[in-house]
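Student: Data: coords39.txt, compact mmCIF, N, CA and C atoms.
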# COMPACT_ATOMS: atom_id res chain seq x y z
N MET A 1 35.52 24.52 19.41
CA MET A 1 36.09 23.60 20.35
C MET A 1 35.04 22.55 20.76
N TYR A 2 33.82 22.98 21.06
CA TYR A 2 32.75 22.06 21.45
C TYR A 2 32.35 21.15 20.29
N GLN A 3 32.34 21.74 19.11
CA GLN A 3 31.98 20.96 17.93
C GLN A 3 33.02 19.86 17.68
N ASP A 4 34.29 20.19 17.84
CA ASP A 4 35.34 19.19 17.67
C ASP A 4 35.21 18.08 18.71
N ALA A 5 34.90 18.43 19.94
CA ALA A 5 34.72 17.44 21.00
C ALA A 5 33.53 16.54 20.69
N LYS A 6 32.45 17.12 20.21
CA LYS A 6 31.26 16.33 19.86
C LYS A 6 31.55 15.41 18.69
N THR A 7 32.26 15.90 17.70
CA THR A 7 32.63 15.08 16.55
C THR A 7 33.50 13.92 16.99
N GLU A 8 34.45 14.18 17.86
CA GLU A 8 35.33 13.14 18.37
C GLU A 8 34.52 12.11 19.18
N GLU A 9 33.55 12.56 19.95
CA GLU A 9 32.71 11.66 20.73
C GLU A 9 31.88 10.76 19.82
N VAL A 10 31.32 11.34 18.76
CA VAL A 10 30.52 10.56 17.82
C VAL A 10 31.39 9.53 17.11
N GLU A 11 32.59 9.90 16.72
CA GLU A 11 33.50 8.97 16.07
C GLU A 11 33.87 7.83 17.01
N MET A 12 34.12 8.15 18.28
CA MET A 12 34.48 7.13 19.26
C MET A 12 33.31 6.16 19.47
N ARG A 13 32.09 6.70 19.57
CA ARG A 13 30.92 5.84 19.73
C ARG A 13 30.76 4.93 18.52
N SER A 14 31.01 5.47 17.34
CA SER A 14 30.91 4.68 16.12
C SER A 14 31.93 3.54 16.13
N LYS A 15 33.15 3.84 16.54
CA LYS A 15 34.19 2.81 16.61
C LYS A 15 33.83 1.73 17.65
N VAL A 16 33.29 2.15 18.78
CA VAL A 16 32.90 1.18 19.82
C VAL A 16 31.77 0.30 19.31
N THR A 17 30.80 0.89 18.64
CA THR A 17 29.69 0.12 18.09
C THR A 17 30.19 -0.87 17.04
N ASP A 18 31.08 -0.43 16.18
CA ASP A 18 31.64 -1.29 15.15
C ASP A 18 32.41 -2.45 15.79
N TYR A 19 33.22 -2.16 16.80
CA TYR A 19 33.99 -3.20 17.48
C TYR A 19 33.06 -4.18 18.18
N THR A 20 32.00 -3.67 18.81
CA THR A 20 31.05 -4.53 19.50
C THR A 20 30.36 -5.48 18.51
N ALA A 21 29.98 -4.96 17.36
CA ALA A 21 29.34 -5.79 16.33
C ALA A 21 30.32 -6.85 15.83
N TRP A 22 31.57 -6.47 15.63
CA TRP A 22 32.58 -7.42 15.18
C TRP A 22 32.78 -8.51 16.22
N LEU A 23 32.89 -8.12 17.48
CA LEU A 23 33.10 -9.07 18.56
C LEU A 23 31.90 -10.01 18.69
N ASN A 24 30.71 -9.49 18.52
CA ASN A 24 29.51 -10.32 18.54
C ASN A 24 29.58 -11.36 17.43
N GLY A 25 30.04 -10.97 16.26
CA GLY A 25 30.21 -11.91 15.15
C GLY A 25 31.22 -12.98 15.46
N VAL A 26 32.28 -12.63 16.16
CA VAL A 26 33.29 -13.61 16.55
C VAL A 26 32.68 -14.65 17.49
N TYR A 27 31.92 -14.18 18.46
CA TYR A 27 31.27 -15.11 19.39
C TYR A 27 30.28 -16.04 18.66
N VAL A 28 29.51 -15.49 17.74
CA VAL A 28 28.56 -16.31 16.98
C VAL A 28 29.32 -17.34 16.14
N ALA A 29 30.40 -16.92 15.49
CA ALA A 29 31.19 -17.84 14.67
C ALA A 29 31.77 -18.96 15.54
N LYS A 30 32.26 -18.62 16.72
CA LYS A 30 32.79 -19.63 17.63
C LYS A 30 31.69 -20.60 18.07
N ALA A 31 30.50 -20.07 18.35
CA ALA A 31 29.39 -20.92 18.78
C ALA A 31 28.99 -21.88 17.66
N ILE A 32 28.89 -21.39 16.45
CA ILE A 32 28.51 -22.24 15.31
C ILE A 32 29.59 -23.29 15.06
N ALA A 33 30.84 -22.86 15.10
CA ALA A 33 31.95 -23.80 14.87
C ALA A 33 31.96 -24.89 15.94
N SER A 34 31.68 -24.53 17.19
CA SER A 34 31.69 -25.54 18.26
C SER A 34 30.54 -26.53 18.11
N CYS A 35 29.47 -26.13 17.44
CA CYS A 35 28.34 -27.04 17.21
C CYS A 35 28.64 -28.05 16.11
N PHE A 36 29.41 -27.66 15.10
CA PHE A 36 29.62 -28.51 13.94
C PHE A 36 31.00 -29.16 13.86
N SER A 37 31.91 -28.79 14.73
CA SER A 37 33.26 -29.33 14.68
C SER A 37 33.68 -29.80 16.07
N LYS A 38 34.23 -30.99 16.13
CA LYS A 38 34.68 -31.51 17.42
C LYS A 38 35.95 -30.81 17.88
N GLY A 39 36.74 -30.29 16.95
CA GLY A 39 38.00 -29.64 17.30
C GLY A 39 37.82 -28.22 17.82
N ALA A 40 36.73 -27.59 17.47
CA ALA A 40 36.49 -26.21 17.89
C ALA A 40 35.67 -26.21 19.16
N LYS A 41 35.96 -25.28 20.05
CA LYS A 41 35.15 -25.17 21.25
C LYS A 41 34.91 -23.70 21.57
N TYR A 42 33.80 -23.46 22.22
CA TYR A 42 33.44 -22.10 22.61
C TYR A 42 34.39 -21.64 23.72
N PRO A 43 34.78 -20.38 23.73
CA PRO A 43 35.73 -19.90 24.75
C PRO A 43 35.17 -20.07 26.17
N ASP A 44 36.04 -20.43 27.09
CA ASP A 44 35.64 -20.60 28.49
C ASP A 44 35.35 -19.28 29.18
N LYS A 45 36.08 -18.25 28.78
CA LYS A 45 35.85 -16.94 29.38
C LYS A 45 35.85 -15.89 28.27
N PRO A 46 35.27 -14.74 28.52
CA PRO A 46 35.17 -13.70 27.48
C PRO A 46 36.53 -13.24 26.96
N PHE A 47 36.54 -12.86 25.70
CA PHE A 47 37.75 -12.29 25.13
C PHE A 47 38.06 -10.97 25.82
N GLY A 48 39.32 -10.66 25.95
CA GLY A 48 39.71 -9.39 26.54
C GLY A 48 39.78 -9.40 28.05
N THR A 49 39.62 -10.57 28.67
CA THR A 49 39.70 -10.61 30.13
C THR A 49 41.11 -10.91 30.62
N GLU A 50 42.01 -11.20 29.69
CA GLU A 50 43.38 -11.43 30.11
C GLU A 50 43.96 -10.13 30.63
N THR A 51 44.62 -10.22 31.74
CA THR A 51 45.24 -9.02 32.30
C THR A 51 46.72 -9.05 31.98
N LYS A 52 47.21 -7.94 31.58
CA LYS A 52 48.63 -7.80 31.29
C LYS A 52 49.27 -7.01 32.42
N GLU A 53 50.39 -7.51 32.86
CA GLU A 53 51.09 -6.78 33.90
C GLU A 53 51.89 -5.65 33.26
N VAL A 54 51.63 -4.45 33.71
CA VAL A 54 52.28 -3.28 33.17
C VAL A 54 53.09 -2.64 34.29
N SER A 55 54.34 -2.37 33.97
CA SER A 55 55.19 -1.75 34.99
C SER A 55 54.74 -0.31 35.20
N PRO A 56 55.00 0.24 36.38
CA PRO A 56 54.62 1.63 36.64
C PRO A 56 55.27 2.60 35.65
N GLU A 57 56.49 2.29 35.21
CA GLU A 57 57.17 3.16 34.25
C GLU A 57 56.43 3.18 32.92
N ASP A 58 56.02 1.98 32.44
CA ASP A 58 55.29 1.91 31.18
C ASP A 58 53.93 2.58 31.28
N GLU A 59 53.28 2.43 32.43
CA GLU A 59 51.98 3.07 32.64
C GLU A 59 52.13 4.59 32.61
N PHE A 60 53.19 5.11 33.23
CA PHE A 60 53.43 6.55 33.23
C PHE A 60 53.75 7.05 31.83
N LYS A 61 54.54 6.28 31.08
CA LYS A 61 54.86 6.66 29.70
C LYS A 61 53.59 6.74 28.85
N LEU A 62 52.69 5.78 29.04
CA LEU A 62 51.43 5.81 28.32
C LEU A 62 50.61 7.03 28.70
N PHE A 63 50.58 7.35 29.99
CA PHE A 63 49.86 8.54 30.45
C PHE A 63 50.42 9.79 29.79
N ILE A 64 51.73 9.90 29.71
CA ILE A 64 52.38 11.06 29.10
C ILE A 64 52.00 11.16 27.62
N GLU A 65 52.01 10.02 26.92
CA GLU A 65 51.66 10.03 25.49
C GLU A 65 50.23 10.50 25.28
N VAL A 66 49.31 10.00 26.09
CA VAL A 66 47.91 10.39 25.96
C VAL A 66 47.74 11.87 26.29
N PHE A 67 48.38 12.32 27.36
CA PHE A 67 48.28 13.71 27.75
C PHE A 67 48.82 14.62 26.66
N ASN A 68 49.98 14.29 26.11
CA ASN A 68 50.58 15.11 25.06
C ASN A 68 49.73 15.11 23.79
N SER A 69 49.14 13.97 23.46
CA SER A 69 48.30 13.94 22.24
C SER A 69 47.06 14.82 22.42
N ARG A 70 46.49 14.84 23.61
CA ARG A 70 45.33 15.71 23.86
C ARG A 70 45.74 17.18 23.84
N PHE A 71 46.91 17.46 24.37
CA PHE A 71 47.40 18.83 24.38
C PHE A 71 47.64 19.33 22.95
N LYS A 72 48.21 18.47 22.10
CA LYS A 72 48.47 18.85 20.72
C LYS A 72 47.19 19.10 19.95
N LYS A 73 46.12 18.34 20.26
CA LYS A 73 44.83 18.55 19.59
C LYS A 73 44.23 19.90 19.92
N MET A 74 44.51 20.42 21.13
CA MET A 74 43.96 21.69 21.55
C MET A 74 44.59 22.86 20.79
N GLN A 75 45.81 22.69 20.34
CA GLN A 75 46.53 23.80 19.70
C GLN A 75 46.03 24.07 18.32
What is this file in structure tokens?

Tutor:
Amino acid sequence: MYQDAKTEEVEMRSKVTDYTAWLNGVYVAKAIASCFSKGAKYPDKPFGTETKEVSPEDEFKLFIEVFNSRFKKMQ
């Protein structure tokens, strides 16, 4: 059980690192494009800062899905 949790943690860290590297590349590409093209501009605010309004029902449904998926992994 502990080994599975550790493996899952390592995989999650790997995915986060990969996503961070990809996002860094996107920012660099935007910066370079804004230097060489008049039509391109660097983003005014960071990516992922848009907030989505989620209804309480949808939030609860998401909670149930996550809870059930964790429960199924334990079995």

Student: Could you list, as a list of chain:residue names, every residue within 8 Å of stretch 16-27 of chain A, counting only N, CA and C atoms and ignoring same-chain residues fewer than 6 positions away?

Tutor: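 Surrounding residues, per the criterion: A:Val10, A:Ala33, A:Tyr42, A:Pro43.
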
Student: Write down as a ChimeraX atom specification the residues of chain A whose backbone DSSP state falls under helix (DSSP H, G or I).

Tutor: /A:2-36,56-74

Student: Provide the atom CA of A:Pro46 to atom C of A:Ala29 distance in Å, to one decimal place.

Tutor: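 Result for atom CA of A:Pro46 versus atom C of A:Ala29: 13.5 Å, one decimal.
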
Student: Could you tell me how far atom CA of A:Ser14 sits from atom C of A:Phe63, in Å to one decimal place?

Tutor: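 Distance reported for this atom pair: 24.4 Å.
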
Student: Mind pulling up the distance from atom CA of A:Lys61 to atom CA of A:Gln3?

Tutor: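 Atom-to-atom, atom CA of A:Gln3 and atom CA of A:Lys61 are spaced 29.4 Å apart.
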